file model-v9.cif (mmCIF, C-alpha atoms)
data_start
loop_
_atom_site.label_atom_id
_atom_site.label_comp_id
_atom_site.auth_asym_id
_atom_site.auth_seq_id
_atom_site.Cartn_x
_atom_site.Cartn_y
_atom_site.Cartn_z
CA MET A 79 -28.27 3.04 -0.30
CA SER A 80 -28.58 6.76 0.21
CA GLY A 81 -30.74 6.27 3.33
CA ASP A 82 -28.17 4.12 5.17
CA THR A 83 -26.34 6.92 6.85
CA GLY A 84 -29.45 8.89 7.77
CA GLY A 85 -29.56 7.45 11.26
CA SER A 86 -33.06 8.76 11.95
CA ALA A 87 -34.38 5.44 13.24
CA ASP A 88 -31.55 4.63 15.66
CA GLY A 89 -33.75 3.93 18.63
CA GLY A 90 -35.75 1.17 17.00
CA ARG A 91 -32.95 -0.64 15.22
CA SER A 92 -32.19 -3.58 17.40
CA GLY A 93 -35.87 -4.19 18.07
CA ASP A 94 -36.59 -4.31 14.35
CA GLY A 95 -33.77 -6.75 13.77
CA ARG A 96 -34.94 -9.07 16.51
CA SER A 97 -38.55 -9.17 15.50
CA ASP A 98 -37.62 -11.44 12.63
CA ASP A 99 -35.93 -14.15 14.70
CA GLU A 100 -37.91 -17.29 14.27
CA ARG A 101 -35.35 -19.75 15.56
CA SER A 102 -34.09 -20.33 19.07
CA ASP A 103 -30.47 -20.63 17.86
CA ASP A 104 -30.64 -17.11 16.56
CA ALA A 105 -30.27 -15.10 19.69
CA PRO A 106 -30.28 -11.36 19.00
CA LEU A 107 -26.86 -9.89 18.35
CA ASP A 108 -25.55 -6.54 19.33
CA ALA A 109 -23.37 -4.69 16.85
CA ALA A 110 -20.04 -5.75 18.37
CA GLN A 111 -21.10 -9.39 18.54
CA ALA A 112 -22.27 -9.25 14.95
CA LEU A 113 -18.90 -7.94 13.79
CA ALA A 114 -17.16 -10.71 15.73
CA VAL A 115 -19.45 -13.35 14.23
CA MET A 116 -18.69 -12.02 10.74
CA ALA A 117 -14.94 -12.09 11.29
CA ALA A 118 -15.03 -15.64 12.69
CA ALA A 119 -17.12 -16.92 9.78
CA ARG A 120 -14.79 -15.32 7.26
CA ARG A 121 -11.83 -17.02 8.95
CA SER A 122 -13.62 -20.39 8.84
CA ALA A 123 -14.17 -19.93 5.12
CA GLY A 124 -10.44 -19.29 4.69
CA ALA A 125 -9.92 -23.02 5.21
CA ALA A 126 -11.37 -23.52 1.71
CA TYR A 127 -8.11 -22.20 0.25
CA PRO A 128 -4.53 -23.55 0.52
CA SER A 129 -2.21 -22.23 3.22
CA GLY A 130 0.83 -20.49 1.77
CA ALA A 131 2.63 -20.99 5.08
CA PHE A 132 2.21 -24.77 4.95
CA LEU A 133 3.46 -25.01 1.36
CA PHE A 134 6.47 -22.69 1.87
CA LEU A 135 7.52 -24.56 5.03
CA LEU A 136 7.07 -27.95 3.34
CA TRP A 137 9.21 -27.00 0.34
CA GLY A 138 11.73 -25.13 2.48
CA ALA A 139 12.30 -28.35 4.45
CA VAL A 140 12.54 -30.43 1.24
CA TRP A 141 15.19 -28.11 -0.24
CA LEU A 142 17.11 -27.63 3.02
CA VAL A 143 17.43 -31.38 3.67
CA GLY A 144 17.54 -32.65 0.05
CA TYR A 145 20.16 -30.23 -1.28
CA GLY A 146 21.93 -30.26 2.09
CA LEU A 147 22.43 -34.04 1.88
CA MET A 148 23.68 -33.73 -1.69
CA TRP A 149 26.24 -31.16 -0.59
CA LEU A 150 27.32 -33.22 2.44
CA SER A 151 27.76 -36.38 0.37
CA ALA A 152 29.58 -34.72 -2.55
CA GLY A 153 32.89 -36.39 -3.38
CA ASP A 154 36.11 -34.76 -4.65
CA ASP A 155 34.62 -34.30 -8.10
CA GLY A 156 31.60 -32.54 -6.60
CA THR A 157 29.17 -35.36 -7.41
CA PRO A 158 26.70 -36.30 -4.67
CA SER A 159 26.36 -39.94 -3.63
CA GLY A 160 23.62 -42.00 -5.23
CA ILE A 161 21.94 -42.43 -1.85
CA ALA A 162 21.83 -38.67 -1.21
CA ALA A 163 20.46 -38.06 -4.70
CA GLY A 164 17.88 -40.81 -4.14
CA VAL A 165 16.80 -39.28 -0.82
CA ALA A 166 16.56 -35.83 -2.41
CA ILE A 167 14.40 -37.16 -5.24
CA THR A 168 12.19 -39.04 -2.76
CA LEU A 169 11.77 -35.85 -0.73
CA GLY A 170 10.80 -34.02 -3.90
CA VAL A 171 8.18 -36.66 -4.67
CA LEU A 172 6.85 -36.52 -1.09
CA GLY A 173 6.72 -32.72 -1.34
CA THR A 174 4.70 -32.96 -4.55
CA VAL A 175 2.30 -35.50 -3.04
CA GLY A 176 1.97 -33.38 0.11
CA THR A 177 1.26 -30.27 -1.96
CA LEU A 178 -1.40 -32.00 -4.08
CA TRP A 179 -3.04 -33.48 -0.99
CA HIS A 180 -3.09 -30.14 0.82
CA VAL A 181 -4.47 -28.16 -2.10
CA LEU A 182 -7.10 -30.75 -3.10
CA HIS A 183 -8.15 -31.39 0.51
CA ARG A 184 -8.58 -27.70 1.29
CA SER A 185 -10.34 -26.77 -1.92
CA ARG A 186 -12.72 -29.74 -2.06
CA GLY A 187 -16.27 -28.72 -2.77
CA LEU A 188 -15.09 -25.45 -4.29
CA VAL A 189 -15.73 -24.74 -7.96
CA GLY A 190 -15.57 -21.62 -10.09
CA SER A 191 -13.02 -19.08 -11.16
CA SER A 192 -10.41 -19.58 -8.43
CA ALA A 193 -10.53 -23.36 -8.94
CA ARG A 194 -9.81 -22.83 -12.63
CA THR A 195 -7.04 -20.37 -11.86
CA GLY A 196 -5.56 -22.79 -9.34
CA ALA A 197 -5.68 -25.73 -11.74
CA LEU A 198 -3.98 -23.74 -14.52
CA TYR A 199 -1.38 -22.52 -12.04
CA GLY A 200 -0.81 -26.08 -10.81
CA TRP A 201 -0.28 -27.35 -14.34
CA SER A 202 2.28 -24.59 -14.90
CA TRP A 203 4.50 -26.28 -12.32
CA ALA A 204 4.28 -29.63 -14.09
CA ILE A 205 5.02 -28.00 -17.47
CA GLY A 206 7.95 -26.06 -15.99
CA PHE A 207 9.59 -29.11 -14.49
CA VAL A 208 9.07 -31.34 -17.54
CA THR A 209 10.72 -28.62 -19.63
CA GLN A 210 13.56 -28.33 -17.12
CA ALA A 211 14.18 -32.10 -17.34
CA LEU A 212 14.07 -32.00 -21.16
CA ILE A 213 16.66 -29.21 -21.28
CA VAL A 214 19.00 -30.95 -18.83
CA THR A 215 18.83 -34.27 -20.72
CA ALA A 216 19.38 -32.44 -24.01
CA LEU A 217 22.49 -30.77 -22.59
CA ALA A 218 23.86 -34.14 -21.49
CA ASP A 219 23.03 -35.68 -24.86
CA ALA A 220 24.83 -32.84 -26.61
CA GLY A 221 27.96 -33.77 -24.70
CA ALA A 222 27.80 -31.38 -21.75
CA PRO A 223 30.02 -32.64 -18.90
CA PRO A 224 28.15 -33.79 -15.74
CA GLU A 225 29.16 -30.60 -13.95
CA VAL A 226 27.43 -28.45 -16.57
CA SER A 227 24.28 -30.60 -16.50
CA ALA A 228 24.20 -30.48 -12.69
CA LEU A 229 24.66 -26.70 -12.53
CA ALA A 230 22.11 -26.09 -15.27
CA GLY A 231 19.66 -28.52 -13.65
CA ASN A 232 19.79 -26.74 -10.29
CA ALA A 233 19.69 -23.26 -11.75
CA LEU A 234 16.79 -24.09 -14.09
CA ALA A 235 14.83 -25.71 -11.23
CA ALA A 236 15.30 -22.54 -9.18
CA LEU A 237 14.32 -20.43 -12.20
CA VAL A 238 11.07 -22.40 -12.65
CA VAL A 239 10.22 -22.13 -8.94
CA GLY A 240 11.23 -18.46 -8.81
CA LEU A 241 9.21 -17.45 -11.87
CA LEU A 242 6.14 -19.37 -10.72
CA TYR A 243 6.26 -17.75 -7.27
CA LEU A 244 6.63 -14.39 -9.01
CA ALA A 245 3.59 -15.23 -11.16
CA GLY A 246 1.61 -16.48 -8.14
CA GLY A 247 2.49 -13.38 -6.16
CA ALA A 248 1.30 -11.20 -9.04
CA LEU A 249 -1.82 -13.31 -9.61
CA TRP A 250 -3.02 -13.32 -6.01
CA ASP A 251 -1.58 -9.93 -5.02
CA ASP A 252 0.67 -11.66 -2.48
CA LEU A 253 3.81 -9.57 -1.96
CA PRO A 254 5.67 -12.08 0.30
CA MET A 255 5.18 -14.79 -2.35
CA TYR A 256 6.42 -12.41 -5.03
CA LEU A 257 9.51 -11.49 -3.01
CA LEU A 258 10.24 -15.17 -2.33
CA GLY A 259 10.04 -15.79 -6.10
CA ALA A 260 12.52 -13.00 -6.78
CA TRP A 261 14.84 -14.39 -4.12
CA ILE A 262 14.69 -17.99 -5.42
CA ALA A 263 15.35 -16.87 -9.01
CA VAL A 264 18.41 -14.87 -7.90
CA VAL A 265 19.60 -17.80 -5.75
CA GLY A 266 19.35 -20.06 -8.82
CA GLY A 267 21.46 -17.72 -10.89
CA ALA A 268 24.01 -17.29 -8.11
CA SER A 269 24.18 -21.02 -7.37
CA ALA A 270 25.32 -21.68 -10.95
CA HIS A 271 28.26 -19.33 -10.42
CA VAL A 272 29.25 -21.00 -7.15
CA GLY A 273 30.06 -24.25 -8.99
CA LEU A 274 30.09 -27.81 -7.64
CA PRO A 275 29.50 -28.82 -4.91
CA GLY A 276 28.82 -25.36 -3.43
CA THR A 277 25.79 -25.01 -5.68
CA TYR A 278 24.00 -27.60 -3.52
CA LEU A 279 24.83 -25.73 -0.33
CA THR A 280 23.56 -22.49 -1.89
CA MET A 281 20.29 -24.14 -2.92
CA SER A 282 19.93 -25.71 0.54
CA LEU A 283 20.69 -22.72 2.76
CA ALA A 284 19.73 -19.73 0.61
CA GLY A 285 16.95 -21.46 -1.36
CA GLY A 286 15.46 -23.75 1.29
CA GLY A 287 16.29 -21.26 4.04
CA GLY A 288 14.57 -18.47 2.10
CA MET A 289 11.42 -20.57 1.79
CA LEU A 290 11.50 -21.35 5.52
CA VAL A 291 11.79 -17.63 6.32
CA ALA A 292 8.87 -16.84 3.98
CA GLY A 293 6.90 -19.76 5.43
CA THR A 294 7.49 -18.61 9.01
CA TYR A 295 6.42 -15.08 8.09
CA ALA A 296 3.27 -16.39 6.37
CA ALA A 297 2.52 -18.67 9.34
CA VAL A 298 2.73 -15.78 11.79
CA ARG A 299 0.50 -13.71 9.52
CA GLU A 300 -2.10 -16.50 9.21
CA TRP A 301 -1.99 -17.10 12.97
CA ARG A 302 -2.47 -13.41 13.75
CA ARG A 303 -5.36 -13.22 11.33
CA ARG A 304 -6.98 -16.21 13.03
CA ARG A 305 -6.66 -14.57 16.46
CA ALA A 306 -7.67 -11.08 15.41
CA MET B 552 -36.21 -1.36 4.29
CA PRO B 553 -35.73 2.25 5.45
CA ASP B 554 -37.40 1.49 8.79
CA ALA B 555 -35.34 -1.69 9.30
CA PRO B 556 -31.76 -0.49 9.03
CA LEU B 557 -30.26 -3.79 10.20
CA ASP B 558 -31.40 -6.07 7.40
CA PRO B 559 -33.47 -8.78 9.16
CA VAL B 560 -32.54 -11.35 6.52
CA ILE B 561 -28.89 -11.10 7.60
CA HIS B 562 -29.24 -10.05 11.21
CA THR B 563 -29.44 -13.47 12.85
CA GLU B 564 -26.34 -15.31 13.92
CA ALA B 565 -26.77 -18.32 11.63
CA ARG B 566 -27.48 -16.35 8.46
CA LEU B 567 -24.82 -13.77 9.28
CA ARG B 568 -22.30 -16.62 9.50
CA VAL B 569 -23.44 -18.10 6.17
CA VAL B 570 -23.35 -14.80 4.32
CA SER B 571 -20.00 -13.77 5.85
CA ALA B 572 -18.39 -17.11 4.99
CA LEU B 573 -19.66 -16.92 1.41
CA SER B 574 -18.37 -13.36 1.14
CA ALA B 575 -14.88 -14.59 2.05
CA LEU B 576 -14.75 -16.82 -1.02
CA SER B 577 -13.21 -15.38 -4.15
CA ARG B 578 -15.71 -13.78 -6.49
CA GLY B 579 -16.94 -16.33 -8.99
CA ASP B 580 -16.38 -19.28 -6.62
CA ARG B 581 -19.19 -21.60 -5.58
CA ILE B 582 -19.02 -24.00 -2.67
CA SER B 583 -20.78 -27.32 -2.23
CA PHE B 584 -23.46 -27.62 0.45
CA PRO B 585 -21.63 -30.31 2.51
CA ARG B 586 -18.34 -28.38 2.44
CA LEU B 587 -20.06 -25.17 3.57
CA GLN B 588 -21.82 -27.15 6.28
CA GLN B 589 -18.45 -28.49 7.43
CA LEU B 590 -16.68 -25.11 7.38
CA LEU B 591 -19.47 -23.53 9.44
CA ASP B 592 -20.06 -26.59 11.62
CA MET B 593 -23.84 -26.45 11.09
CA THR B 594 -26.34 -29.26 10.75
CA ALA B 595 -27.70 -29.94 7.26
CA GLY B 596 -31.25 -29.07 8.33
CA ASN B 597 -30.26 -25.82 9.95
CA LEU B 598 -28.10 -24.74 7.02
CA SER B 599 -30.73 -25.55 4.42
CA THR B 600 -33.43 -23.66 6.36
CA HIS B 601 -31.28 -20.54 6.40
CA LEU B 602 -30.14 -20.96 2.79
CA ARG B 603 -33.77 -21.14 1.71
CA ARG B 604 -34.46 -17.85 3.46
CA LEU B 605 -31.39 -16.28 1.86
CA GLU B 606 -32.37 -17.63 -1.54
CA GLU B 607 -35.87 -16.15 -1.19
CA ALA B 608 -34.25 -12.78 -0.62
CA GLU B 609 -32.03 -13.47 -3.66
CA TYR B 610 -28.93 -13.05 -1.50
CA VAL B 611 -27.52 -16.41 -2.53
CA THR B 612 -27.63 -18.35 -5.76
CA ILE B 613 -28.18 -22.08 -5.41
CA THR B 614 -27.14 -24.32 -8.27
CA LYS B 615 -28.19 -27.95 -8.33
CA THR B 616 -26.19 -30.18 -10.60
CA HIS B 617 -24.98 -33.76 -10.95
CA GLU B 618 -21.46 -35.10 -10.66
CA GLY B 619 -21.79 -38.52 -12.22
CA ARG B 620 -24.97 -39.79 -10.60
CA THR B 621 -24.60 -37.86 -7.38
CA PRO B 622 -26.65 -34.68 -7.05
CA VAL B 623 -24.55 -31.77 -5.83
CA THR B 624 -25.75 -28.40 -4.60
CA TYR B 625 -23.51 -25.37 -4.93
CA VAL B 626 -23.99 -22.08 -3.11
CA GLU B 627 -22.73 -18.66 -4.07
CA LEU B 628 -23.29 -15.17 -2.71
CA SER B 629 -25.17 -13.10 -5.30
CA ASP B 630 -24.36 -9.50 -6.14
CA THR B 631 -27.52 -8.54 -4.24
CA GLY B 632 -26.28 -10.48 -1.21
CA ARG B 633 -22.84 -8.92 -1.42
CA ALA B 634 -24.37 -5.45 -1.57
CA ALA B 635 -26.73 -6.26 1.33
CA LEU B 636 -23.81 -7.45 3.46
CA ALA B 637 -21.81 -4.33 2.65
CA ARG B 638 -24.82 -2.20 3.65
CA TYR B 639 -25.37 -4.23 6.80
CA THR B 640 -21.70 -3.82 7.76
CA ARG B 641 -21.91 -0.05 7.26
CA VAL B 642 -24.98 0.17 9.50
CA LEU B 643 -23.22 -1.89 12.18
CA ARG B 644 -20.18 0.34 12.08
CA ASP B 645 -22.39 3.42 12.28
CA LEU B 646 -24.14 1.94 15.31
CA LEU B 647 -20.82 1.20 16.99
CA GLY B 648 -19.43 4.57 16.05
CA GLY B 649 -22.49 6.31 17.48
CA ARG B 650 -22.15 4.48 20.75
CA LEU B 651 -18.44 5.10 21.26
#
call {"tool": "encode", "arguments": {"input": "model-v9.cif", "output": "structure tokens"}}
result
Amino acid sequence: MSGDTGGSADGGRSGDGRSDDERSDDAPLDAAQALAVMAAARRSAGAAYPSGAFLFLLWGAVWLVGYGLMWLSAGDDGTPSGIAAGVAITLGVLGTVGTLWHVLHRSRGLVGSSARTGALYGWSWAIGFVTQALIVTALADAGAPPEVSALAGNALAALVVGLLYLAGGALWDDLPMYLLGAWIAVVGGASAHVGLPGTYLTMSLAGGGGMLVAGTYAAVREWRRRRA
Amino acid sequence: MPDAPLDPVIHTEARLRVVSALSALSRGDRISFPRLQQLLDMTAGNLSTHLRRLEEAEYVTITKTHEGRTPVTYVELSDTGRAALARYTRVLRDLLGGRL
């Protein structure tokens, strides 16, 4: 290691490197080409990991449209129509399927510590949402009026998403993801105060909109990195 | 080594691509041979020739295992390989810096 910066053999360097080429597809590289080759290969390998941009944009669209429809269809008592609720649930299912497909497709053939971390993180989402559903049903069973169950359901969903983005941001040192988590958690808390049916509009525009903003930012960042 | 500052094991386009791609994986991750082949768009023969050379230099660790009945080969950059790439990168930057 200590001899690396000596620079005494500068003149012979490229010749020494080339002497080893035994294959025709290994044309000699100059230093600038070599750096470019390295950067391109590192970018190619990036496709072995999920794209934050894709996932944020996917879920931003699900929330924007799903909660938006629930708000638009809400009657005088603030309850969304069955159709709107059905569409929102279907979108949520499609979002989940899309997320699983994307993550599994990208990370196929990859094993080791990040695969384990990713699997544990993925299960955290399932655990969070099962718990959210249990709490909401328990509230209804305990006699909570539909408005309370609806507000708690939305706020708890946002809390689960917010906390998991905060955890993901901390885990992968991803500040935009962390900030999105903070935003979604705050939106969840605020949406409960807005009441019905405004809570749905809050979740749609502030929640879904926030994810779309984060997704656009991440997409620009990924695109710049690919071009750099 | 001292008289070959640009490590000849790494300093060919194909092996530089392999080592760089492996270095972009998270530490502790291993990637299957076919997936690596796909990410780098290399033929199986070409990739395995270069992996053998890298394995001889102990720059990569190759693990052969079975998933069900199918044999699977996983590749990982070793600590030696990571250090060699870091050294190689420093030499490149020195070369560029000297020229500019």
call {"tool": "closest_residue", "arguments": {"input": "model-v9.cif", "among": "A:Val291, A:Ala114, A:Ala233, A:Leu150", "to": "Val264 in chain A", "atoms": "only C-alpha atoms"}}
result
A:Ala233
call {"tool": "resolve_selection", "arguments": {"input": "model-v9.cif", "expression": "the PyMOL selection byres ((chain B) within 6 of (chain A))", "output": "PDB file with C-alpha atoms, keeping the file's coordinate frame"}}
result
ATOM      1  CA  ALA B 555     -35.340  -1.690   9.300  1.00  0.00           C
ATOM      2  CA  LEU B 557     -30.260  -3.790  10.200  1.00  0.00           C
ATOM      3  CA  PRO B 559     -33.470  -8.780   9.160  1.00  0.00           C
ATOM      4  CA  THR B 563     -29.440 -13.470  12.850  1.00  0.00           C
ATOM      5  CA  GLU B 564     -26.340 -15.310  13.920  1.00  0.00           C
ATOM      6  CA  ARG B 568     -22.300 -16.620   9.500  1.00  0.00           C
ATOM      7  CA  SER B 571     -20.000 -13.770   5.850  1.00  0.00           C
ATOM      8  CA  ALA B 572     -18.390 -17.110   4.990  1.00  0.00           C
ATOM      9  CA  ALA B 575     -14.880 -14.590   2.050  1.00  0.00           C
ATOM     10  CA  GLY B 579     -16.940 -16.330  -8.990  1.00  0.00           C
ATOM     11  CA  ASP B 580     -16.380 -19.280  -6.620  1.00  0.00           C
ATOM     12  CA  ARG B 581     -19.190 -21.600  -5.580  1.00  0.00           C
ATOM     13  CA  ILE B 582     -19.020 -24.000  -2.670  1.00  0.00           C
ATOM     14  CA  SER B 583     -20.780 -27.320  -2.230  1.00  0.00           C
ATOM     15  CA  ARG B 586     -18.340 -28.380   2.440  1.00  0.00           C
ATOM     16  CA  LEU B 590     -16.680 -25.110   7.380  1.00  0.00           C
ATOM     17  CA  LEU B 643     -23.220  -1.890  12.180  1.00  0.00           C
TER      18      LEU B 643
END
call {"tool": "resolve_selection", "arguments": {"input": "model-v9.cif", "expression": "the PyMOL selection byres ((chain B and resi 561) around 10)", "output": "MDAnalysis selection string"}}
result
(chainID A and resid 95) or (chainID B and resid 557:560 562:571 601 604:605 608 610 632 635:636 639)
call {"tool": "residues_near_point", "arguments": {"input": "model-v9.cif", "point": "(11.0, -14.9, -8.2)", "cutoff": "9 Å", "atoms": "only C-alpha atoms", "output": "list in words"}}
result
Ala236, Leu237, Val238, Val239, Gly240, Leu241, Leu242, Tyr243, Leu244, Ala245, Gly247, Met255, Tyr256, Leu257, Leu258, Gly259, Ala260, Trp261, Ile262, Ala263 and Val264 of chain A
call {"tool": "atom_distance", "arguments": {"input": "model-v9.cif", "atom1": "CA of Leu229 in chain A", "atom2": "CA of Ser202 in chain A"}}
result
22.6 Å
call {"tool": "atom_distance", "arguments": {"input": "model-v9.cif", "atom1": "CA of Asp592 in chain B", "atom2": "CA of Thr624 in chain B"}}
result
17.3 Å
call {"tool": "residues_around", "arguments": {"input": "model-v9.cif", "residues": "Ala131 in chain A", "least_positions_apart": "4", "cutoff": "6 Å", "atoms": "only C-alpha atoms", "output": "ChimeraX atom specification"}}
result
/A:293,296-297
call {"tool": "closest_residue", "arguments": {"input": "model-v9.cif", "among": "A:Ala222, A:Leu182, A:Ile213, A:Leu142", "to": "Thr280 in chain A", "atoms": "only C-alpha atoms"}}
result
A:Leu142
call {"tool": "atom_distance", "arguments": {"input": "model-v9.cif", "atom1": "CA of Leu135 in chain A", "atom2": "CA of Gln210 in chain A"}}
result
23.3 Å
call {"tool": "axis_aligned_box", "arguments": {"input": "model-v9.cif", "around": "range 610-619 of chain B", "padding_each_side": "3 Å", "output": "lines of an AutoDock Vina configuration file"}}
result
center_x = -25.2
center_y = -25.8
center_z = -6.9
size_x = 13.5
size_y = 31.5
size_z = 16.7
call {"tool": "closest_residue", "arguments": {"input": "model-v9.cif", "among": "A:Asn232, A:Thr294, A:Thr174, A:Thr168", "to": "Leu279 in chain A", "atoms": "all atoms listed in the file"}}
result
A:Asn232
call {"tool": "closest_residue", "arguments": {"input": "model-v9.cif", "among": "A:Leu147, A:Pro223, A:Gly153, A:Pro254", "to": "Tyr295 in chain A", "atoms": "only C-alpha atoms"}}
result
A:Pro254
call {"tool": "residues_near_point", "arguments": {"input": "model-v9.cif", "point": "(0.8, -31.4, -0.8)", "cutoff": "12 Å", "atoms": "only C-alpha atoms", "output": "ChimeraX atom specification"}}
result
/A:128-130,132-137,140,169-184,200
call {"tool": "resolve_selection", "arguments": {"input": "model-v9.cif", "expression": "the PyMOL selection byres ((chain A and resi 155-164) around 9)", "output": "list in words"}}
result
Gly144, Tyr145, Leu147, Met148, Trp149, Leu150, Ser151, Ala152, Gly153, Asp154, Val165, Ala166, Ile167, Thr168, Leu169, Pro224, Glu225, Ala228, Gly273, Leu274, Pro275 and Gly276 of chain A
